[in-house]
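**Student:** Once you've had a glance at the structure underneath, I'll fire off some questions.
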Amino acid sequence: MPDSFVHYPGFCPRLLVLLGLGLTVGGCARHNYFQPDARVGPGSTAILPGPADSVLATAGRQYNRHSKFYQFFLGRHYRRVWAAPVKVAVLNLATAAPGGLTAGKAGGGYQSISMTLEGAGKREYALRALDKEPYKTLPLVLRHTFVLNVVRDATSAAIPYGALTVPPLAQAAGVPHTRPRLVYVRPDETGLGESSARFQGKLALLEEKYNNHAARTPDLAAAVDFDGGEAMLKKVYHHPSYFIDQPAFLRARLLDVWLGDWDRHEAQWTWAQFPEVGGRVRYVGIPKDRDQVYFRFDDGVIPWLAARPFIAPQFQTFRNQYNNMAGLVFQAKFIDERGLSAMTRTDFQRTARDLQRRLPDSVIDRALHRLPPAVFALEGARLGNALKARRETLPQAAEEYYLTLAHEPTLGGTAEAERFVVHRYADSTTVLVFSKALSQLSAGDSLRFRRTYFTAETKALSLDGLGGDDVFEVTTTAARRPMPVLLYGGEGHDQLQLQGSSRRLKLFDEASDMTAAGSHRPSLPRKKHRAYNRLNDD
């Protein structure tokens, strides 16, 4: 089960109602739940010889030991894949990267088993076990019950080798990407420091992190630095000279949609910095942690119920047709709102059609053959057919995606002073955002943002000024029902300049100084309101 289970408000209480059914069947968590060693076949129980460079192993054969009756309720998932024997290279820290690797800091969220490895020239690598341990996601009272068995078992909904297929697809799509390698960690490996015991006898993915110039690939050759998601957002919120490359981010997100990768929240990205004219900095997102591509979840009674919109809509099963688009992109709502705010319907369609052209059958077939042979024999044909079918309907999926984001968008400013110019017409609302700080970098160029929102698509629009002394100029020419606009003044001394009706205009401001003749006085932001510049969405 992915770490993102814990990011969805209300998920745990609702799921536990379903999992409570399991408590009537058994009481305690199973001891020794996980396979003790990934190796299988002749000699797999013997001490691994020092010179061994490869082994025959399984990602997690414990997931395939259940009866058909059990699978009817909990799902078939990718159980056979987790139990399929695959040939894997043995991790050799001395030769795995130029100059060798040494143990760095432990990582991982609530379930992932991961760590950083340090290479020559300050290069860093991530080591992530294929299997998960969701023990910490449960309340203390349930950690030793049958519920833990069920939650652990849900890991089998992910295909453990899916990430290996992504690099050729991302390369063809024009999306920066990582390059994971499959490795087996020796059962007597001690070179991983305090994390050694967590990895011993497991299969893992090893990939270089984008953290310095040495890690740059040809598509990122002009990048001057790399930031994590939080560092990137802090800079984007702080000054308008930092901005996200939205066309590039849209391309990456449509690739996610095509792959069925629902777990693309803000922590799942590295951001490459590119210098622009006038001292501006453009951020290009690099997807990482492809654990949830080709997810297969709702093929059992209980997971089918858990994937309902009122419980956990993000758990969308990968199949030939796109199902619930709002659910598929739900987990990335926070970063989508900031990284796709200027993208229009036309942008979505143009990018989707370009991806169709870039991803022919030959690329798909080549990518899927990166799966271990035994896994390709089980799933290659099904995955290939699904990818090809989804490619053909990608423009329709892009349309649904666009409409999902356009429904109730939020647009934010920065810590600098900005001028929001809003024109409300009968069928649309146009927003322009100007920044004095930008004009100081490039003379006469102060336009930061421009977008038209259409009443047929957008239910309500929120504008959040954040810091600085912001000015909101709102002109309404609509005769009857203009689009509802919610203005959040944020910090600083904000001004409202109003022309025409203030109908369906709501004002929120901490200082209550954003007033204008003919409008209501601003209210304090609602308790449930969370400022646009929050750095997480949990």
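As shown in the structure tokens, the chain order sets the letters A, B, ...; within each chain, residues go from 1, and ligands are also counted from 1 in the order they appear.
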Could you pull the residues within 9 Å of range 317-321 of chain A, counting only C-alpha atoms, minus those fewer than 5 positions along the same chain, as a list of chain:residue names?
**Tutor:** A:Ala157, A:Leu259, A:Gly260, A:Asp261, A:Val293, A:Tyr294, A:Phe295, A:Arg296, A:Phe297, A:Asp298, A:Asp299, A:Arg382, A:Leu383, A:Asn385, A:Ala386, A:Leu387, A:Lys388, A:Ala389, A:Arg390, A:Thr393
**Student:** Quick one: everything within 9 Å of Ser523 in chain A, counting only C-alpha atoms, minus sequence neighbours fewer than 3 positions away in the same chain. Send it as a PDB file with N, CA, C and O atoms, in the first residue's frame.
**Tutor:**
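Wrote it out as part21.pdb, contents follow:
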```pdb
ATOM      1  N   LYS A 506     -16.765  37.777  -3.134  1.00  0.00           N
ATOM      2  CA  LYS A 506     -16.572  37.566  -1.703  1.00  0.00           C
ATOM      3  C   LYS A 506     -15.155  37.971  -1.315  1.00  0.00           C
ATOM      4  O   LYS A 506     -14.195  37.601  -1.989  1.00  0.00           O
ATOM      5  N   LEU A 507     -15.053  38.725  -0.219  1.00  0.00           N
ATOM      6  CA  LEU A 507     -13.774  39.264   0.212  1.00  0.00           C
ATOM      7  C   LEU A 507     -13.355  38.660   1.545  1.00  0.00           C
ATOM      8  O   LEU A 507     -14.153  38.574   2.482  1.00  0.00           O
ATOM      9  N   PHE A 508     -12.083  38.262   1.619  1.00  0.00           N
ATOM     10  CA  PHE A 508     -11.518  37.716   2.853  1.00  0.00           C
ATOM     11  C   PHE A 508     -10.152  38.357   3.071  1.00  0.00           C
ATOM     12  O   PHE A 508      -9.325  38.384   2.155  1.00  0.00           O
ATOM     13  N   ASP A 509      -9.937  38.888   4.273  1.00  0.00           N
ATOM     14  CA  ASP A 509      -8.670  39.581   4.524  1.00  0.00           C
ATOM     15  C   ASP A 509      -8.414  39.614   6.024  1.00  0.00           C
ATOM     16  O   ASP A 509      -9.296  39.957   6.804  1.00  0.00           O
ATOM     17  N   GLU A 510      -7.198  39.271   6.406  1.00  0.00           N
ATOM     18  CA  GLU A 510      -6.832  39.275   7.826  1.00  0.00           C
ATOM     19  C   GLU A 510      -6.906  40.684   8.413  1.00  0.00           C
ATOM     20  O   GLU A 510      -7.357  40.888   9.534  1.00  0.00           O
ATOM     21  N   SER A 512      -8.614  43.243   7.150  1.00  0.00           N
ATOM     22  CA  SER A 512      -9.909  43.876   6.868  1.00  0.00           C
ATOM     23  C   SER A 512      -9.757  45.268   6.261  1.00  0.00           C
ATOM     24  O   SER A 512     -10.597  46.141   6.477  1.00  0.00           O
ATOM     25  N   HIS A 520     -19.164  44.720   0.161  1.00  0.00           N
ATOM     26  CA  HIS A 520     -19.204  44.358   1.570  1.00  0.00           C
ATOM     27  C   HIS A 520     -17.799  44.468   2.157  1.00  0.00           C
ATOM     28  O   HIS A 520     -16.798  44.374   1.458  1.00  0.00           O
ATOM     29  N   ARG A 526     -12.183  31.784   6.128  1.00  0.00           N
ATOM     30  CA  ARG A 526     -12.870  30.687   6.785  1.00  0.00           C
ATOM     31  C   ARG A 526     -11.868  29.781   7.480  1.00  0.00           C
ATOM     32  O   ARG A 526     -10.725  29.655   7.057  1.00  0.00           O
TER      33      ARG A 526
END
```
**Student:** Near range 177-185 of chain A, counting only C-alpha atoms, which residues have an atom at most 7 Å away, once you skip same-chain residues fewer than 2 positions from it, shown as JSON, numbers by chain?
**Tutor:** {"A": [88, 89, 90, 91, 164, 167, 170, 175, 187, 189, 199, 200, 201, 202, 203, 204, 205, 206, 207, 286, 287, 288]}
**Student:** Export, as a PDB file, in the first residue's frame, the selected residues with N, CA, C and O atoms.
**Tutor:**
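Result file follows (selection_1.pdb):
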```
ATOM      1  N   VAL A  88      18.420 -11.285 -11.151  1.00  0.00           N
ATOM      2  CA  VAL A  88      18.726  -9.940 -10.665  1.00  0.00           C
ATOM      3  C   VAL A  88      20.212  -9.825 -10.345  1.00  0.00           C
ATOM      4  O   VAL A  88      20.809 -10.745  -9.778  1.00  0.00           O
ATOM      5  N   ALA A  89      20.790  -8.674 -10.691  1.00  0.00           N
ATOM      6  CA  ALA A  89      22.192  -8.412 -10.356  1.00  0.00           C
ATOM      7  C   ALA A  89      22.332  -8.186  -8.854  1.00  0.00           C
ATOM      8  O   ALA A  89      21.484  -7.551  -8.224  1.00  0.00           O
ATOM      9  N   VAL A  90      23.397  -8.708  -8.285  1.00  0.00           N
ATOM     10  CA  VAL A  90      23.692  -8.495  -6.868  1.00  0.00           C
ATOM     11  C   VAL A  90      24.332  -7.117  -6.691  1.00  0.00           C
ATOM     12  O   VAL A  90      25.246  -6.749  -7.445  1.00  0.00           O
ATOM     13  N   LEU A  91      23.851  -6.354  -5.738  1.00  0.00           N
ATOM     14  CA  LEU A  91      24.403  -5.021  -5.479  1.00  0.00           C
ATOM     15  C   LEU A  91      25.834  -5.147  -4.964  1.00  0.00           C
ATOM     16  O   LEU A  91      26.095  -5.783  -3.948  1.00  0.00           O
ATOM     17  N   LEU A 164      10.724   0.165 -14.226  1.00  0.00           N
ATOM     18  CA  LEU A 164      11.760  -0.142 -15.209  1.00  0.00           C
ATOM     19  C   LEU A 164      11.311   0.186 -16.629  1.00  0.00           C
ATOM     20  O   LEU A 164      12.142   0.426 -17.509  1.00  0.00           O
ATOM     21  N   PRO A 167      11.534   4.789 -18.316  1.00  0.00           N
ATOM     22  CA  PRO A 167      12.521   5.627 -19.002  1.00  0.00           C
ATOM     23  C   PRO A 167      12.369   5.728 -20.520  1.00  0.00           C
ATOM     24  O   PRO A 167      12.391   6.844 -21.060  1.00  0.00           O
ATOM     25  N   ALA A 170       9.231   7.913 -21.196  1.00  0.00           N
ATOM     26  CA  ALA A 170       9.454   9.320 -20.851  1.00  0.00           C
ATOM     27  C   ALA A 170      10.402   9.979 -21.841  1.00  0.00           C
ATOM     28  O   ALA A 170      10.197  11.137 -22.233  1.00  0.00           O
ATOM     29  N   VAL A 175      10.003  13.974 -21.618  1.00  0.00           N
ATOM     30  CA  VAL A 175       9.881  14.262 -20.190  1.00  0.00           C
ATOM     31  C   VAL A 175      11.153  13.799 -19.492  1.00  0.00           C
ATOM     32  O   VAL A 175      11.562  12.640 -19.651  1.00  0.00           O
ATOM     33  N   PRO A 187      22.196 -10.961   1.740  1.00  0.00           N
ATOM     34  CA  PRO A 187      21.703 -11.145   3.116  1.00  0.00           C
ATOM     35  C   PRO A 187      22.758 -10.853   4.169  1.00  0.00           C
ATOM     36  O   PRO A 187      22.420 -10.682   5.350  1.00  0.00           O
ATOM     37  N   GLU A 189      24.968  -8.234   3.664  1.00  0.00           N
ATOM     38  CA  GLU A 189      25.466  -6.895   3.333  1.00  0.00           C
ATOM     39  C   GLU A 189      25.489  -6.012   4.585  1.00  0.00           C
ATOM     40  O   GLU A 189      24.474  -5.859   5.276  1.00  0.00           O
ATOM     41  N   PHE A 199      17.517  -3.785   4.458  1.00  0.00           N
ATOM     42  CA  PHE A 199      17.617  -4.141   3.047  1.00  0.00           C
ATOM     43  C   PHE A 199      18.102  -5.566   2.802  1.00  0.00           C
ATOM     44  O   PHE A 199      17.938  -6.085   1.699  1.00  0.00           O
ATOM     45  N   GLN A 200      18.707  -6.183   3.758  1.00  0.00           N
ATOM     46  CA  GLN A 200      19.327  -7.494   3.541  1.00  0.00           C
ATOM     47  C   GLN A 200      18.325  -8.508   2.988  1.00  0.00           C
ATOM     48  O   GLN A 200      17.232  -8.679   3.516  1.00  0.00           O
ATOM     49  N   GLY A 201      18.722  -9.148   1.884  1.00  0.00           N
ATOM     50  CA  GLY A 201      17.892 -10.179   1.274  1.00  0.00           C
ATOM     51  C   GLY A 201      16.739  -9.660   0.449  1.00  0.00           C
ATOM     52  O   GLY A 201      15.873 -10.442   0.036  1.00  0.00           O
ATOM     53  N   LYS A 202      16.700  -8.368   0.152  1.00  0.00           N
ATOM     54  CA  LYS A 202      15.579  -7.776  -0.577  1.00  0.00           C
ATOM     55  C   LYS A 202      15.969  -7.353  -1.998  1.00  0.00           C
ATOM     56  O   LYS A 202      17.141  -7.073  -2.280  1.00  0.00           O
ATOM     57  N   LEU A 203      14.968  -7.247  -2.860  1.00  0.00           N
ATOM     58  CA  LEU A 203      15.132  -6.616  -4.162  1.00  0.00           C
ATOM     59  C   LEU A 203      14.882  -5.124  -4.002  1.00  0.00           C
ATOM     60  O   LEU A 203      14.013  -4.708  -3.230  1.00  0.00           O
ATOM     61  N   ALA A 204      15.635  -4.336  -4.745  1.00  0.00           N
ATOM     62  CA  ALA A 204      15.521  -2.879  -4.621  1.00  0.00           C
ATOM     63  C   ALA A 204      15.799  -2.219  -5.966  1.00  0.00           C
ATOM     64  O   ALA A 204      16.354  -2.839  -6.889  1.00  0.00           O
ATOM     65  N   LEU A 205      15.407  -0.970  -6.072  1.00  0.00           N
ATOM     66  CA  LEU A 205      15.730  -0.148  -7.235  1.00  0.00           C
ATOM     67  C   LEU A 205      16.813   0.844  -6.831  1.00  0.00           C
ATOM     68  O   LEU A 205      16.713   1.501  -5.783  1.00  0.00           O
ATOM     69  N   LEU A 206      17.837   0.955  -7.664  1.00  0.00           N
ATOM     70  CA  LEU A 206      18.930   1.898  -7.440  1.00  0.00           C
ATOM     71  C   LEU A 206      18.904   2.919  -8.563  1.00  0.00           C
ATOM     72  O   LEU A 206      18.896   2.553  -9.741  1.00  0.00           O
ATOM     73  N   GLU A 207      18.871   4.206  -8.210  1.00  0.00           N
ATOM     74  CA  GLU A 207      18.867   5.243  -9.244  1.00  0.00           C
ATOM     75  C   GLU A 207      19.586   6.479  -8.732  1.00  0.00           C
ATOM     76  O   GLU A 207      19.572   6.787  -7.538  1.00  0.00           O
ATOM     77  N   ILE A 286      10.936  16.985 -12.683  1.00  0.00           N
ATOM     78  CA  ILE A 286      11.443  15.653 -13.028  1.00  0.00           C
ATOM     79  C   ILE A 286      10.701  14.646 -12.161  1.00  0.00           C
ATOM     80  O   ILE A 286      10.897  14.599 -10.945  1.00  0.00           O
ATOM     81  N   PRO A 287       9.830  13.821 -12.739  1.00  0.00           N
ATOM     82  CA  PRO A 287       9.111  12.827 -11.928  1.00  0.00           C
ATOM     83  C   PRO A 287      10.062  11.797 -11.333  1.00  0.00           C
ATOM     84  O   PRO A 287      11.061  11.427 -11.942  1.00  0.00           O
ATOM     85  N   LYS A 288       9.744  11.334 -10.138  1.00  0.00           N
ATOM     86  CA  LYS A 288      10.526  10.274  -9.509  1.00  0.00           C
ATOM     87  C   LYS A 288       9.573   9.320  -8.802  1.00  0.00           C
ATOM     88  O   LYS A 288       8.366   9.554  -8.735  1.00  0.00           O
TER      89      LYS A 288
END
```
**Student:** My list of candidates is A:Gly490, A:Gly500, A:Gly100, A:Gly193. Which is closest to Pro522 in chain A when distances are computed with only C-alpha atoms?
**Tutor:**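 Among the listed residues, A:Gly490 lies closest to Pro522 in chain A.
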**Student:** Smallest atom-to-atom distance to Ala222 in chain A: which of A:Pro275, A:Pro247, A:Pro160, A:Pro303, using only C-alpha atoms?
**Tutor:** A:Pro275
**Student:** Which residues are close to Arg481 in chain A, i.e. within 12 Å by only C-alpha atoms, leaving aside same-chain residues fewer than 4 positions away? Reply as a PyMOL selection string.
**Tutor:** chain A and resi 424-429+455+459-460+476-477+485+501-505
**Student:** What does the file look like for those residues with C-alpha atoms, as a CSV table (one decimal), in the first residue's frame?
**Tutor:**
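So the final result, stored in part.csv, reads:
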```csv
chain,number,residue,atom,x,y,z
A,424,ARG,CA,-16.1,39.6,-15.2
A,425,TYR,CA,-18.3,39.2,-18.3
A,426,ALA,CA,-21.5,37.2,-18.8
A,427,ASP,CA,-19.8,34.1,-20.2
A,428,SER,CA,-16.2,34.4,-18.8
A,429,THR,CA,-13.8,36.1,-16.4
A,455,THR,CA,-18.5,30.3,-16.9
A,459,LYS,CA,-18.0,27.2,-10.8
A,460,ALA,CA,-15.9,29.6,-8.8
A,476,THR,CA,-18.0,43.6,-13.8
A,477,THR,CA,-20.0,44.0,-17.0
A,485,VAL,CA,-14.8,35.3,-7.4
A,501,SER,CA,-21.6,45.2,-9.5
A,502,SER,CA,-20.0,43.5,-6.5
A,503,ARG,CA,-22.5,40.6,-6.8
A,504,ARG,CA,-21.0,37.2,-6.2
A,505,LEU,CA,-17.8,38.8,-5.1
```
**Student:** Which distance in Å separates CA of Glu337 in chain A and CA of Leu463 in chain A, to one decimal?
**Tutor:** 12.0 Å
**Student:** So which bits of range 41-163 of chain A end up helix (DSSP H, G or I) when you DSSP the backbone, as an MDAnalysis selection string?
**Tutor:** chainID A and resid 61:64 68:74 79:83 120:122 134:137 140:142 146:157 162:163
**Student:** Between CA of Pro168 in chain A and CA of Ala397 in chain A, what is the distance in Å, rounded to a tenth?
**Tutor:**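 CA of Ala397 in chain A lies 22.0 Å from CA of Pro168 in chain A.
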